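See structure below.
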Amino acid sequence: MRKTLGMAALAAMLAGGAQAQSTADEIAKYREMIADGNPAELFEMEGESLWKTPRGPKKATLEQCDLGQGPGVVDGAFARMPRYFADTGRVQDLESRLLTCMETLQGIPASAVVDGDWNKGERKTMDALAAYVVTHSRGQKIQLDLANPQTRRMYELGKRAFHYRSGPMDFSCATCHGEDGKRIRLQDLPNLTHKEGAIAAWGSWPAYRVSNSQFWTMQHRLNDCFRQQRTAEPVFASEVTVALSVYMAATAQGGVLQTPGLKR
Amino acid sequence: MANPMRIRAAVKDGFTEVRVLMSHVMETGQRKDSSGALVPAHFITELTAKHNDKVVLSAQFGPSVSTNPYLSFKFEGGAKGDKIVVSWVDNKGDSRSDEAQIA
């Protein structure tokens, strides 16, 4: 009897495995089919026009925004982010740096995004701007300046945050993203502690999500994973979110960006 | 007003391949919002593609087509620099027309 049960459980496990495999394959096939029609391009187009449109109390464009490669240089900027910015004295990811530019150049307060709602108002503007910027690093190698002591510090913080268990389930990011071959429902979970998984994940965000027709920045992705962890929602562009991004990007160092990505 | 489409067209071996990304909510009219109210139907109903001034594709769309639809098709002929115009109309009478040159 015991043996039969064991066999049944084993058979069920195998069937589950096969189903997960075929789902992953089907998603990969689907992604291939619509690869040259990624709706993220619509957000990129919108972002490009927003970049060049005078907005905010100062009626200025973002064309002088310094993303680290000099004022107005968009090409290759995202491949080097997050990075340390001397003018703010902080390590910033793309979204927090865009907040700086919107505030200093256009006079749009950061609170318009930080206290906003997803897919609405200035947060929606941020989505489009991010889509525009990351498209100009597509195909480039992830190259963080890990020699910078501030970036190193954020890496250490991010690594700690990644493994820090909290919330009613006592989960950390590593609970779901620290081993190979794990999945939740039919979603494959990348192992973000290793180079391969980190490249697949960091290298394909921000992304268009087919399941809800929304464009998500990494800030949005992280926020939703804090929710999955059943822990407190992080403040938009807060230090812990930037630190986690430094940890993921540094683990993915040298990998090629496929941004913007296309997700289920 | 509706957002612009992204249109790409390229000619190869006597055939022109056209790829179009449209920005549209494509609401089915079957969905409910968070307060339980029905979201009104809003979707593209007709699409036309022209090569110079000749119609090469005419299609009827409906609520089963996804949000931000992607369409790709081929037609015989076309030369580099020729004009491709794609237009759509939706059930609310909104419309959009964009053009591109064949590469």
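Order determines the names: the first chain of the structure tokens is A, the second B, and so forth; residues in each chain are numbered 1 upward, and ligands are numbered 1 upward as they are shown.
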Which residues of chain A sit at most 12 Å from chain B, using only C-alpha atoms? Give each one's shortest atom pair and distance in Å (one decimal place), in chain and ascending residue order, as JSON lines.
{"residue": "A:Met33", "atom": "CA", "partner": "B:Tyr70", "partner_atom": "CA", "distance": 10.7}
{"residue": "A:Ile34", "atom": "CA", "partner": "B:Tyr70", "partner_atom": "CA", "distance": 8.0}
{"residue": "A:Ala35", "atom": "CA", "partner": "B:Tyr70", "partner_atom": "CA", "distance": 10.5}
{"residue": "A:Asp36", "atom": "CA", "partner": "B:Arg19", "partner_atom": "CA", "distance": 8.6}
{"residue": "A:Gly37", "atom": "CA", "partner": "B:Tyr70", "partner_atom": "CA", "distance": 6.0}
{"residue": "A:Asn38", "atom": "CA", "partner": "B:Leu21", "partner_atom": "CA", "distance": 8.2}
{"residue": "A:Pro39", "atom": "CA", "partner": "B:Asn68", "partner_atom": "CA", "distance": 6.4}
{"residue": "A:Ala40", "atom": "CA", "partner": "B:Asn68", "partner_atom": "CA", "distance": 9.6}
{"residue": "A:Glu41", "atom": "CA", "partner": "B:Arg6", "partner_atom": "CA", "distance": 7.8}
{"residue": "A:Leu42", "atom": "CA", "partner": "B:Ser23", "partner_atom": "CA", "distance": 6.7}
{"residue": "A:Phe43", "atom": "CA", "partner": "B:Ser23", "partner_atom": "CA", "distance": 9.2}
{"residue": "A:Glu44", "atom": "CA", "partner": "B:Arg6", "partner_atom": "CA", "distance": 10.5}
{"residue": "A:Met45", "atom": "CA", "partner": "B:Arg6", "partner_atom": "CA", "distance": 8.3}
{"residue": "A:Glu46", "atom": "CA", "partner": "B:Asn3", "partner_atom": "CA", "distance": 8.1}
{"residue": "A:Gly47", "atom": "CA", "partner": "B:Asn3", "partner_atom": "CA", "distance": 11.9}
{"residue": "A:Ser49", "atom": "CA", "partner": "B:Pro4", "partner_atom": "CA", "distance": 11.1}
{"residue": "A:Tyr208", "atom": "CA", "partner": "B:Asn68", "partner_atom": "CA", "distance": 10.9}
{"residue": "A:Arg209", "atom": "CA", "partner": "B:Thr67", "partner_atom": "CA", "distance": 11.1}
{"residue": "A:Val210", "atom": "CA", "partner": "B:Thr67", "partner_atom": "CA", "distance": 8.7}
{"residue": "A:Ser211", "atom": "CA", "partner": "B:Thr67", "partner_atom": "CA", "distance": 10.0}
{"residue": "A:Asn212", "atom": "CA", "partner": "B:Thr67", "partner_atom": "CA", "distance": 8.8}
{"residue": "A:Ser213", "atom": "CA", "partner": "B:Thr67", "partner_atom": "CA", "distance": 6.3}
{"residue": "A:Gln214", "atom": "CA", "partner": "B:Thr67", "partner_atom": "CA", "distance": 9.6}
{"residue": "A:Phe215", "atom": "CA", "partner": "B:Asn68", "partner_atom": "CA", "distance": 11.5}
Near Met102 of chain A, counting only C-alpha atoms, which residues have an atom at most 10 Å away, once you skip same-chain residues fewer than 2 positions from it, shown as a list in words?
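That gives Arg55, Gly56, Lys58, Ala60, Thr61, Leu62, Cys65, Ser96, Arg97, Leu98, Leu99, Thr100, Thr104, Leu105, Gln106, Gly107, Ile108, Pro109, Ala110, Glu122 and Met126 of chain A.
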Could the residues in this selection be saved with N, CA, C and O atoms as a tab-separated table (two decimals), in the first residue's frame?
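To be explicit, this is the file written out as part.tsv:
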chain	number	residue	atom	x	y	z
A	55	ARG	N	7.84	70.01	-20.01
A	55	ARG	CA	6.80	69.69	-19.02
A	55	ARG	C	7.16	70.29	-17.68
A	55	ARG	O	8.27	70.74	-17.45
A	56	GLY	N	6.20	70.23	-16.76
A	56	GLY	CA	6.43	70.68	-15.39
A	56	GLY	C	6.42	72.19	-15.25
A	56	GLY	O	6.34	72.90	-16.25
A	58	LYS	N	8.72	74.20	-14.75
A	58	LYS	CA	9.81	74.87	-15.47
A	58	LYS	C	9.69	74.75	-16.98
A	58	LYS	O	10.57	75.22	-17.71
A	60	ALA	N	10.40	72.47	-19.08
A	60	ALA	CA	11.66	72.03	-19.70
A	60	ALA	C	11.55	70.58	-20.16
A	60	ALA	O	10.71	69.83	-19.67
A	61	THR	N	12.39	70.21	-21.12
A	61	THR	CA	12.44	68.82	-21.56
A	61	THR	C	13.46	68.08	-20.70
A	61	THR	O	14.10	68.69	-19.83
A	62	LEU	N	13.64	66.79	-20.96
A	62	LEU	CA	14.64	66.02	-20.22
A	62	LEU	C	15.93	65.86	-21.02
A	62	LEU	O	16.81	65.09	-20.66
A	65	CYS	N	19.12	65.76	-19.26
A	65	CYS	CA	19.21	64.84	-18.13
A	65	CYS	C	20.53	64.04	-18.20
A	65	CYS	O	20.86	63.48	-19.24
A	96	SER	N	15.21	56.19	-9.91
A	96	SER	CA	15.52	57.27	-8.97
A	96	SER	C	16.29	58.39	-9.66
A	96	SER	O	16.14	59.56	-9.32
A	97	ARG	N	17.09	58.04	-10.67
A	97	ARG	CA	17.81	59.08	-11.40
A	97	ARG	C	16.84	59.91	-12.26
A	97	ARG	O	16.98	61.12	-12.38
A	98	LEU	N	15.86	59.24	-12.84
A	98	LEU	CA	14.85	59.98	-13.62
A	98	LEU	C	14.09	60.94	-12.70
A	98	LEU	O	13.76	62.06	-13.10
A	99	LEU	N	13.86	60.49	-11.45
A	99	LEU	CA	13.19	61.38	-10.48
A	99	LEU	C	14.02	62.64	-10.27
A	99	LEU	O	13.48	63.75	-10.23
A	100	THR	N	15.34	62.46	-10.14
A	100	THR	CA	16.24	63.61	-9.97
A	100	THR	C	16.12	64.57	-11.15
A	100	THR	O	16.00	65.79	-10.97
A	104	THR	N	14.89	68.39	-10.86
A	104	THR	CA	15.81	69.51	-11.08
A	104	THR	C	15.55	70.24	-12.40
A	104	THR	O	15.57	71.46	-12.44
A	105	LEU	N	15.30	69.49	-13.47
A	105	LEU	CA	15.12	70.14	-14.76
A	105	LEU	C	13.71	70.68	-14.97
A	105	LEU	O	13.51	71.77	-15.48
A	106	GLN	N	12.71	69.87	-14.57
A	106	GLN	CA	11.32	70.23	-14.89
A	106	GLN	C	10.55	70.82	-13.71
A	106	GLN	O	9.48	71.39	-13.90
A	107	GLY	N	11.10	70.63	-12.51
A	107	GLY	CA	10.40	71.12	-11.33
A	107	GLY	C	9.23	70.24	-10.90
A	107	GLY	O	8.36	70.67	-10.13
A	108	ILE	N	9.21	69.00	-11.40
A	108	ILE	CA	8.16	68.06	-10.99
A	108	ILE	C	8.64	67.38	-9.69
A	108	ILE	O	9.68	66.73	-9.69
A	109	PRO	N	7.91	67.54	-8.58
A	109	PRO	CA	8.40	66.97	-7.33
A	109	PRO	C	8.44	65.45	-7.35
A	109	PRO	O	7.55	64.82	-7.93
A	110	ALA	N	9.46	64.87	-6.72
A	110	ALA	CA	9.60	63.41	-6.69
A	110	ALA	C	8.37	62.76	-6.09
A	110	ALA	O	7.98	61.65	-6.46
A	122	GLU	N	2.20	60.48	-13.01
A	122	GLU	CA	3.65	60.57	-13.23
A	122	GLU	C	4.33	59.21	-13.15
A	122	GLU	O	5.42	59.02	-13.70
A	126	MET	N	6.84	57.77	-15.91
A	126	MET	CA	8.10	57.10	-15.57
A	126	MET	C	8.26	55.79	-16.34
A	126	MET	O	9.34	55.48	-16.84
Trp88 of chain B environment, 8 Å, only C-alpha atoms, sequence neighbours closer than 2 positions dropped, as a VMD selection string:
chain B and resid 44 to 48 86 90 95 to 97
For the structure I just gave you, how does DSSP split segment 17-232 of chain A - specifically, which residues are strand (DSSP E)? Reply as a ChimeraX atom specification.
/A:83-85,90-92,182-184,187-189,207-209,214-216
Can you pull out the residues contacting Lys74 of chain B? Cut-off 10 Å, using only C-alpha atoms, and skip same-chain residues under 4 positions away; I want them as a PyMOL selection string.
chain B and resi 9-11+15-19+56-57
Nearest residue to Gly89 of chain A from the set A:Thr193, A:Asp75, A:Arg185, A:Thr151 (distances using only C-alpha atoms):
A:Thr151
Contacts of segment 37-39 of chain B within 12 Å, only C-alpha atoms, excl. fewer than 4 positions in-chain, as a list in words:
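So, after excluding close chain neighbours, the residues are Val25, Met26, Glu27, Thr28, Gly29, Gln30, Arg31, Lys32, Asp33 and Phe43 of chain B.
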Work out how far atom CA of His51 of chain B is from atom CA of Gly81 of chain B, in Å to one decimal.
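Taking atom CA of Gly81 of chain B as the start and atom CA of His51 of chain B as the end point, the length is 10.9 Å.
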Need to verify the contact set: Lys124 of chain A, 12 Å, only C-alpha atoms, exclusion of same-chain residues closer than 5 positions in sequence. Can you return it as a PDB file with N, CA, C and O atoms, in the first residue's frame?
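Writing done, so here's out.pdb:
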ATOM      1  N   PHE A  43       5.469  51.909 -25.669  1.00  0.00           N
ATOM      2  CA  PHE A  43       5.852  52.705 -24.503  1.00  0.00           C
ATOM      3  C   PHE A  43       7.149  53.467 -24.789  1.00  0.00           C
ATOM      4  O   PHE A  43       7.328  54.600 -24.368  1.00  0.00           O
ATOM      5  N   GLU A  46       6.355  56.479 -26.823  1.00  0.00           N
ATOM      6  CA  GLU A  46       5.737  57.485 -25.963  1.00  0.00           C
ATOM      7  C   GLU A  46       6.809  58.144 -25.095  1.00  0.00           C
ATOM      8  O   GLU A  46       6.823  59.366 -24.912  1.00  0.00           O
ATOM      9  N   GLY A  47       7.733  57.308 -24.570  1.00  0.00           N
ATOM     10  CA  GLY A  47       8.806  57.802 -23.718  1.00  0.00           C
ATOM     11  C   GLY A  47       9.712  58.775 -24.456  1.00  0.00           C
ATOM     12  O   GLY A  47      10.103  59.809 -23.909  1.00  0.00           O
ATOM     13  N   LEU A  50       7.926  61.983 -24.714  1.00  0.00           N
ATOM     14  CA  LEU A  50       7.884  62.654 -23.398  1.00  0.00           C
ATOM     15  C   LEU A  50       9.239  63.259 -23.026  1.00  0.00           C
ATOM     16  O   LEU A  50       9.324  64.324 -22.419  1.00  0.00           O
ATOM     17  N   GLU A  95      15.177  54.571 -12.264  1.00  0.00           N
ATOM     18  CA  GLU A  95      13.988  55.298 -11.852  1.00  0.00           C
ATOM     19  C   GLU A  95      14.327  56.436 -10.890  1.00  0.00           C
ATOM     20  O   GLU A  95      13.799  57.547 -11.027  1.00  0.00           O
ATOM     21  N   ALA A 112       5.400  63.275  -6.659  1.00  0.00           N
ATOM     22  CA  ALA A 112       4.373  62.990  -7.660  1.00  0.00           C
ATOM     23  C   ALA A 112       4.461  61.529  -8.111  1.00  0.00           C
ATOM     24  O   ALA A 112       3.459  60.922  -8.492  1.00  0.00           O
ATOM     25  N   VAL A 113       5.669  60.975  -8.068  1.00  0.00           N
ATOM     26  CA  VAL A 113       5.861  59.573  -8.446  1.00  0.00           C
ATOM     27  C   VAL A 113       5.863  58.689  -7.197  1.00  0.00           C
ATOM     28  O   VAL A 113       5.160  57.676  -7.133  1.00  0.00           O
ATOM     29  N   VAL A 114       6.649  59.107  -6.204  1.00  0.00           N
ATOM     30  CA  VAL A 114       6.830  58.293  -5.000  1.00  0.00           C
ATOM     31  C   VAL A 114       5.498  58.004  -4.295  1.00  0.00           C
ATOM     32  O   VAL A 114       5.236  56.883  -3.874  1.00  0.00           O
ATOM     33  N   GLY A 116       2.552  58.257  -5.764  1.00  0.00           N
ATOM     34  CA  GLY A 116       1.527  57.990  -6.780  1.00  0.00           C
ATOM     35  C   GLY A 116       1.070  56.539  -6.815  1.00  0.00           C
ATOM     36  O   GLY A 116       1.448  55.727  -5.977  1.00  0.00           O
ATOM     37  N   ASP A 117       0.214  56.233  -7.797  1.00  0.00           N
ATOM     38  CA  ASP A 117      -0.284  54.873  -7.987  1.00  0.00           C
ATOM     39  C   ASP A 117       0.314  54.301  -9.268  1.00  0.00           C
ATOM     40  O   ASP A 117       0.559  55.027 -10.221  1.00  0.00           O
ATOM     41  N   TRP A 118       0.479  52.970  -9.279  1.00  0.00           N
ATOM     42  CA  TRP A 118       1.005  52.309 -10.473  1.00  0.00           C
ATOM     43  C   TRP A 118       0.099  52.576 -11.666  1.00  0.00           C
ATOM     44  O   TRP A 118      -1.116  52.643 -11.529  1.00  0.00           O
ATOM     45  N   ASN A 119       0.719  52.697 -12.828  1.00  0.00           N
ATOM     46  CA  ASN A 119       0.013  52.869 -14.106  1.00  0.00           C
ATOM     47  C   ASN A 119      -0.824  54.143 -14.185  1.00  0.00           C
ATOM     48  O   ASN A 119      -1.762  54.221 -14.988  1.00  0.00           O
ATOM     49  N   LEU A 129       9.253  56.663 -19.904  1.00  0.00           N
ATOM     50  CA  LEU A 129      10.629  57.193 -19.943  1.00  0.00           C
ATOM     51  C   LEU A 129      11.634  56.053 -19.788  1.00  0.00           C
ATOM     52  O   LEU A 129      12.642  55.986 -20.502  1.00  0.00           O
ATOM     53  N   ALA A 130      11.340  55.137 -18.844  1.00  0.00           N
ATOM     54  CA  ALA A 130      12.242  54.002 -18.623  1.00  0.00           C
ATOM     55  C   ALA A 130      12.323  53.144 -19.885  1.00  0.00           C
ATOM     56  O   ALA A 130      13.413  52.722 -20.294  1.00  0.00           O
ATOM     57  N   ALA A 131      11.166  52.917 -20.542  1.00  0.00           N
ATOM     58  CA  ALA A 131      11.152  52.102 -21.764  1.00  0.00           C
ATOM     59  C   ALA A 131      12.062  52.730 -22.825  1.00  0.00           C
ATOM     60  O   ALA A 131      12.822  52.033 -23.506  1.00  0.00           O
ATOM     61  N   GLN A 214       0.502  45.583 -19.301  1.00  0.00           N
ATOM     62  CA  GLN A 214       1.141  46.729 -18.645  1.00  0.00           C
ATOM     63  C   GLN A 214       2.652  46.691 -18.837  1.00  0.00           C
ATOM     64  O   GLN A 214       3.243  45.627 -18.993  1.00  0.00           O
ATOM     65  N   PHE A 215       3.238  47.876 -18.780  1.00  0.00           N
ATOM     66  CA  PHE A 215       4.689  47.968 -18.825  1.00  0.00           C
ATOM     67  C   PHE A 215       5.165  48.190 -17.397  1.00  0.00           C
ATOM     68  O   PHE A 215       4.704  49.123 -16.739  1.00  0.00           O
ATOM     69  N   TRP A 216       6.057  47.326 -16.927  1.00  0.00           N
ATOM     70  CA  TRP A 216       6.533  47.411 -15.548  1.00  0.00           C
ATOM     71  C   TRP A 216       8.016  47.750 -15.478  1.00  0.00           C
ATOM     72  O   TRP A 216       8.829  47.132 -16.155  1.00  0.00           O
ATOM     73  N   THR A 217       8.342  48.703 -14.614  1.00  0.00           N
ATOM     74  CA  THR A 217       9.748  48.994 -14.335  1.00  0.00           C
ATOM     75  C   THR A 217      10.242  47.988 -13.290  1.00  0.00           C
ATOM     76  O   THR A 217       9.445  47.243 -12.712  1.00  0.00           O
ATOM     77  N   HIS A 220       8.547  48.447 -10.028  1.00  0.00           N
ATOM     78  CA  HIS A 220       7.231  47.811  -9.953  1.00  0.00           C
ATOM     79  C   HIS A 220       7.388  46.302  -9.703  1.00  0.00           C
ATOM     80  O   HIS A 220       6.690  45.723  -8.866  1.00  0.00           O
TER      81      HIS A 220
END
Leaving out Ser166 of chain A and any residue of its chain fewer than 3 positions from it, which residues lie within 9 Å of it when counting only C-alpha atoms, given as a ChimeraX atom specification?
/A:169-172,229-231
